[in-house]
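Asker: Shown below is the structure under consideration.
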Amino acid sequence: MEMKHNLSFLIKVLALQCLAVLCASQDFDFFYFVQQWPGSYCDSKQGCCYPRTGKPASDFSIHGLWPNYNDGSYPSNCDPQAQFNPSQISDLTSRMQKDWPSLSCPSSDGLSFWSHEWEKHGTCSESILDQHDYFASALLLKRQSNLLQILKNAGIQPNGQYYSLDGIKAAIRGGIGHTPYIECNVDPSGNSQLYQIYVCVDTSGSNLIECPVLPRGTCGSRIEFPSF
């Protein structure tokens, strides 16, 4: 009788632990969808290495799709058991090599980059998006928000010239209907340059929304948009 009671207690404990993990994985308020400009990534002290597939296109590329809380904090590494499995995204690989390349050194096939993004960020949304859907959603969001074309339409070109930060924000707001966050980095000479653009997405991973909170950080009032 005592053994049966202990077994019942153990089952309840395990169930509560599983529920806690599930709740944690659901517990986020929105996504940041972050794209980076490869010219700014490479034009820095750390430099870059092109992927094994060659130099990427002169276009914004995906950095990540990051679950976030309304207070500005974020969950991470939510499910150590859900390791990245390349076979689950085999139908997306060619698009990911184009739209989500790794520019870190040494040159790579992108798998370690994608693994990091899934395990740190993607696992925190897996109650809604499994691994395949997580990456597929990010690829679709990139198509829906063609940032480079939006900027070009506003006369903002990746030509090494300086542009108004407010003008860049206004152009993107006009193109997607929501206010972006612009992150800058510096080139080897210390000049501020357009590095990453954050837009916000609802918890389905499908719809752009106005950001509940923006990251901290500042750019200069005029920033460089380097060529690539």
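Labels for the structure tokens follow display order: chains A, B, ..., residues from 1 in each chain, ligands from 1.
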What lies within 9 Å of range 44-50 of chain A using only C-alpha atoms, ignoring chain neighbours under 5 positions off, as a VMD selection string?
Answerer: chain A and resid 38 55 to 56 101 to 108 185 to 190
Asker: What would the file look like if the residues just selected were written as a PDB file, in the first residue's frame with C-alpha atoms?
Answerer:
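Result went into again.pdb, see below:
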ATOM      1  CA  PRO A  38      26.084  42.258 -43.612  1.00  0.00           C
ATOM      2  CA  LYS A  55      29.469  35.830 -50.432  1.00  0.00           C
ATOM      3  CA  PRO A  56      25.834  36.410 -49.430  1.00  0.00           C
ATOM      4  CA  PRO A 101      23.760  33.004 -43.458  1.00  0.00           C
ATOM      5  CA  SER A 102      26.459  32.975 -40.808  1.00  0.00           C
ATOM      6  CA  LEU A 103      29.141  35.648 -41.179  1.00  0.00           C
ATOM      7  CA  SER A 104      31.176  34.648 -38.150  1.00  0.00           C
ATOM      8  CA  CYS A 105      34.657  33.213 -38.459  1.00  0.00           C
ATOM      9  CA  PRO A 106      35.751  30.659 -39.386  1.00  0.00           C
ATOM     10  CA  SER A 107      33.672  30.158 -42.521  1.00  0.00           C
ATOM     11  CA  SER A 108      30.852  27.671 -41.935  1.00  0.00           C
ATOM     12  CA  ASN A 185      27.693  49.321 -34.439  1.00  0.00           C
ATOM     13  CA  VAL A 186      30.905  51.140 -35.294  1.00  0.00           C
ATOM     14  CA  ASP A 187      33.376  50.703 -38.128  1.00  0.00           C
ATOM     15  CA  PRO A 188      37.137  50.500 -37.459  1.00  0.00           C
ATOM     16  CA  SER A 189      37.265  54.325 -37.533  1.00  0.00           C
ATOM     17  CA  GLY A 190      34.558  54.625 -34.870  1.00  0.00           C
TER      18      GLY A 190
END
Asker: Write out as a PyMOL selection string the set of residues from range 77-220 of chain A that DSSP, computed on the backbone, places in alpha helix (DSSP H).
Answerer: chain A and resi 93-99+111-120+131-144+147-153+165-176
Asker: Output N, CA and C atoms of each residue in that selection to a file, as a CSV table (one decimal), in the first residue's frame.
Answerer:
chain,number,residue,atom,x,y,z
A,93,THR,N,16.7,24.4,-46.0
A,93,THR,CA,18.2,24.7,-45.9
A,93,THR,C,18.7,25.6,-47.0
A,94,SER,N,18.2,25.4,-48.3
A,94,SER,CA,18.7,26.3,-49.3
A,94,SER,C,18.3,27.7,-49.1
A,95,ARG,N,17.0,27.9,-48.6
A,95,ARG,CA,16.5,29.3,-48.3
A,95,ARG,C,17.3,29.9,-47.2
A,96,MET,N,17.6,29.1,-46.2
A,96,MET,CA,18.3,29.6,-45.0
A,96,MET,C,19.7,30.0,-45.3
A,97,GLN,N,20.3,29.2,-46.2
A,97,GLN,CA,21.7,29.6,-46.6
A,97,GLN,C,21.7,31.0,-47.3
A,98,LYS,N,20.6,31.3,-48.0
A,98,LYS,CA,20.5,32.6,-48.7
A,98,LYS,C,20.0,33.7,-47.7
A,99,ASP,N,19.0,33.4,-46.9
A,99,ASP,CA,18.4,34.5,-46.1
A,99,ASP,C,18.9,34.5,-44.6
A,111,LEU,N,25.2,25.8,-39.8
A,111,LEU,CA,24.5,24.9,-38.8
A,111,LEU,C,24.7,25.3,-37.4
A,112,SER,N,25.9,25.7,-37.0
A,112,SER,CA,26.1,26.1,-35.6
A,112,SER,C,25.4,27.3,-35.2
A,113,PHE,N,25.3,28.3,-36.2
A,113,PHE,CA,24.5,29.5,-36.0
A,113,PHE,C,23.0,29.2,-35.8
A,114,TRP,N,22.5,28.4,-36.7
A,114,TRP,CA,21.1,28.0,-36.5
A,114,TRP,C,20.8,27.2,-35.3
A,115,SER,N,21.7,26.3,-34.9
A,115,SER,CA,21.6,25.5,-33.7
A,115,SER,C,21.5,26.5,-32.5
A,116,HIS,N,22.4,27.4,-32.5
A,116,HIS,CA,22.4,28.4,-31.3
A,116,HIS,C,21.1,29.1,-31.2
A,117,GLU,N,20.6,29.6,-32.4
A,117,GLU,CA,19.3,30.4,-32.4
A,117,GLU,C,18.2,29.5,-31.9
A,118,TRP,N,18.1,28.3,-32.4
A,118,TRP,CA,17.0,27.4,-32.0
A,118,TRP,C,17.1,27.1,-30.5
A,119,GLU,N,18.3,26.7,-30.0
A,119,GLU,CA,18.4,26.2,-28.6
A,119,GLU,C,18.3,27.3,-27.6
A,120,LYS,N,18.8,28.5,-27.9
A,120,LYS,CA,18.7,29.6,-27.0
A,120,LYS,C,17.3,30.3,-27.1
A,131,GLN,N,10.4,23.1,-34.3
A,131,GLN,CA,11.7,23.5,-34.9
A,131,GLN,C,11.5,24.0,-36.4
A,132,HIS,N,10.8,23.2,-37.1
A,132,HIS,CA,10.5,23.5,-38.5
A,132,HIS,C,9.7,24.8,-38.7
A,133,ASP,N,8.7,24.9,-37.9
A,133,ASP,CA,7.8,26.1,-38.0
A,133,ASP,C,8.5,27.3,-37.5
A,134,TYR,N,9.4,27.2,-36.6
A,134,TYR,CA,10.2,28.3,-36.1
A,134,TYR,C,11.0,29.0,-37.2
A,135,PHE,N,11.8,28.1,-37.9
A,135,PHE,CA,12.6,28.7,-39.0
A,135,PHE,C,11.8,29.1,-40.2
A,136,ALA,N,10.7,28.3,-40.5
A,136,ALA,CA,9.9,28.7,-41.6
A,136,ALA,C,9.2,30.0,-41.3
A,137,SER,N,8.8,30.3,-40.1
A,137,SER,CA,8.1,31.6,-39.8
A,137,SER,C,9.1,32.7,-40.0
A,138,ALA,N,10.3,32.6,-39.6
A,138,ALA,CA,11.3,33.6,-39.7
A,138,ALA,C,11.6,33.9,-41.2
A,139,LEU,N,11.7,32.9,-42.0
A,139,LEU,CA,11.9,33.1,-43.4
A,139,LEU,C,10.7,33.8,-44.1
A,140,LEU,N,9.5,33.5,-43.6
A,140,LEU,CA,8.3,34.1,-44.2
A,140,LEU,C,8.2,35.6,-43.7
A,141,LEU,N,8.6,35.9,-42.5
A,141,LEU,CA,8.6,37.3,-42.0
A,141,LEU,C,9.6,38.1,-42.8
A,142,LYS,N,10.7,37.5,-43.2
A,142,LYS,CA,11.7,38.3,-44.0
A,142,LYS,C,11.1,38.7,-45.3
A,143,ARG,N,10.3,37.7,-46.0
A,143,ARG,CA,9.7,38.0,-47.2
A,143,ARG,C,8.6,39.1,-47.1
A,144,GLN,N,8.0,39.1,-45.9
A,144,GLN,CA,6.9,40.1,-45.7
A,144,GLN,C,7.4,41.5,-45.4
A,147,LEU,N,13.1,44.9,-46.1
A,147,LEU,CA,13.6,46.2,-45.5
A,147,LEU,C,14.5,46.9,-46.5
A,148,LEU,N,15.3,46.2,-47.3
A,148,LEU,CA,16.2,46.9,-48.2
A,148,LEU,C,15.4,47.7,-49.3
A,149,GLN,N,14.3,47.0,-49.8
A,149,GLN,CA,13.5,47.7,-50.8
A,149,GLN,C,12.8,48.9,-50.2
A,150,ILE,N,12.3,48.7,-49.0
A,150,ILE,CA,11.6,49.8,-48.3
A,150,ILE,C,12.6,51.0,-48.2
A,151,LEU,N,13.8,50.8,-47.8
A,151,LEU,CA,14.8,51.9,-47.6
A,151,LEU,C,15.1,52.5,-49.0
A,152,LYS,N,15.3,51.7,-50.0
A,152,LYS,CA,15.7,52.2,-51.3
A,152,LYS,C,14.5,53.0,-51.8
A,153,ASN,N,13.3,52.6,-51.6
A,153,ASN,CA,12.2,53.4,-52.0
A,153,ASN,C,12.2,54.8,-51.4
A,165,LEU,N,18.9,59.1,-38.8
A,165,LEU,CA,18.3,58.0,-38.1
A,165,LEU,C,16.8,58.1,-38.1
A,166,ASP,N,16.2,59.3,-37.9
A,166,ASP,CA,14.8,59.5,-37.9
A,166,ASP,C,14.2,59.2,-39.3
A,167,GLY,N,15.0,59.5,-40.4
A,167,GLY,CA,14.5,59.2,-41.7
A,167,GLY,C,14.5,57.7,-42.0
A,168,ILE,N,15.4,57.0,-41.5
A,168,ILE,CA,15.4,55.5,-41.6
A,168,ILE,C,14.2,54.9,-40.9
A,169,LYS,N,14.0,55.4,-39.6
A,169,LYS,CA,12.9,54.8,-38.9
A,169,LYS,C,11.5,55.2,-39.6
A,170,ALA,N,11.4,56.4,-40.1
A,170,ALA,CA,10.2,56.8,-40.7
A,170,ALA,C,9.9,56.0,-42.0
A,171,ALA,N,11.0,55.7,-42.8
A,171,ALA,CA,10.8,54.9,-44.0
A,171,ALA,C,10.3,53.5,-43.7
A,172,ILE,N,10.9,52.9,-42.6
A,172,ILE,CA,10.5,51.5,-42.3
A,172,ILE,C,9.1,51.5,-41.7
A,173,ARG,N,8.8,52.5,-40.9
A,173,ARG,CA,7.4,52.6,-40.3
A,173,ARG,C,6.4,52.8,-41.4
A,174,GLY,N,6.8,53.6,-42.5
A,174,GLY,CA,5.9,53.7,-43.6
A,174,GLY,C,5.7,52.4,-44.4
A,175,GLY,N,6.8,51.6,-44.4
A,175,GLY,CA,6.7,50.4,-45.2
A,175,GLY,C,6.0,49.2,-44.6
A,176,ILE,N,6.2,49.1,-43.2
A,176,ILE,CA,5.6,48.0,-42.6
A,176,ILE,C,4.4,48.3,-41.6
Asker: Would you mind listing what lies within 12 Å of Ser192 in chain A as a list of chain:residue names, with only C-alpha atoms counted and same-chain residues fewer than 2 positions away left out?
Answerer: A:Ser40, A:Asp43, A:Ser44, A:Gly160, A:Gln161, A:Tyr162, A:Tyr163, A:Ser164, A:Leu165, A:Ile182, A:Glu183, A:Cys184, A:Asn185, A:Val186, A:Asp187, A:Pro188, A:Ser189, A:Gly190, A:Leu194, A:Tyr195, A:Thr218, A:Cys219, A:Gly220, A:Ser221, A:Arg222, A:Ile223, A:Glu224, A:Phe225, A:Pro226
Asker: Fewer than 2 positions away in the same chain doesn't count, so skip those; otherwise give me all residues within 6 Å of range 57-74 of chain A, counting only C-alpha atoms, as a ChimeraX atom specification.
Answerer: /A:28-37,99-100,121,212,228
Asker: Tell me, in Å to one decimal, how far CA of Gln193 in chain A is from CA of Tyr41 in chain A.
Answerer: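 So the two atoms, CA of Gln193 in chain A and CA of Tyr41 in chain A, lie 9.7 Å apart.
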Asker: Report, in Å with one decimal, the straight-line distance from CA of Ser227 in chain A to CA of Gly110 in chain A.
Answerer: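 Atom-to-atom, CA of Ser227 in chain A to CA of Gly110 in chain A, that is 22.8 Å.
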Asker: Mind pulling up the distance from CA of Thr203 in chain A to CA of Gly122 in chain A?
Answerer: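 We find that CA of Gly122 in chain A and CA of Thr203 in chain A lie 12.0 Å from each other.
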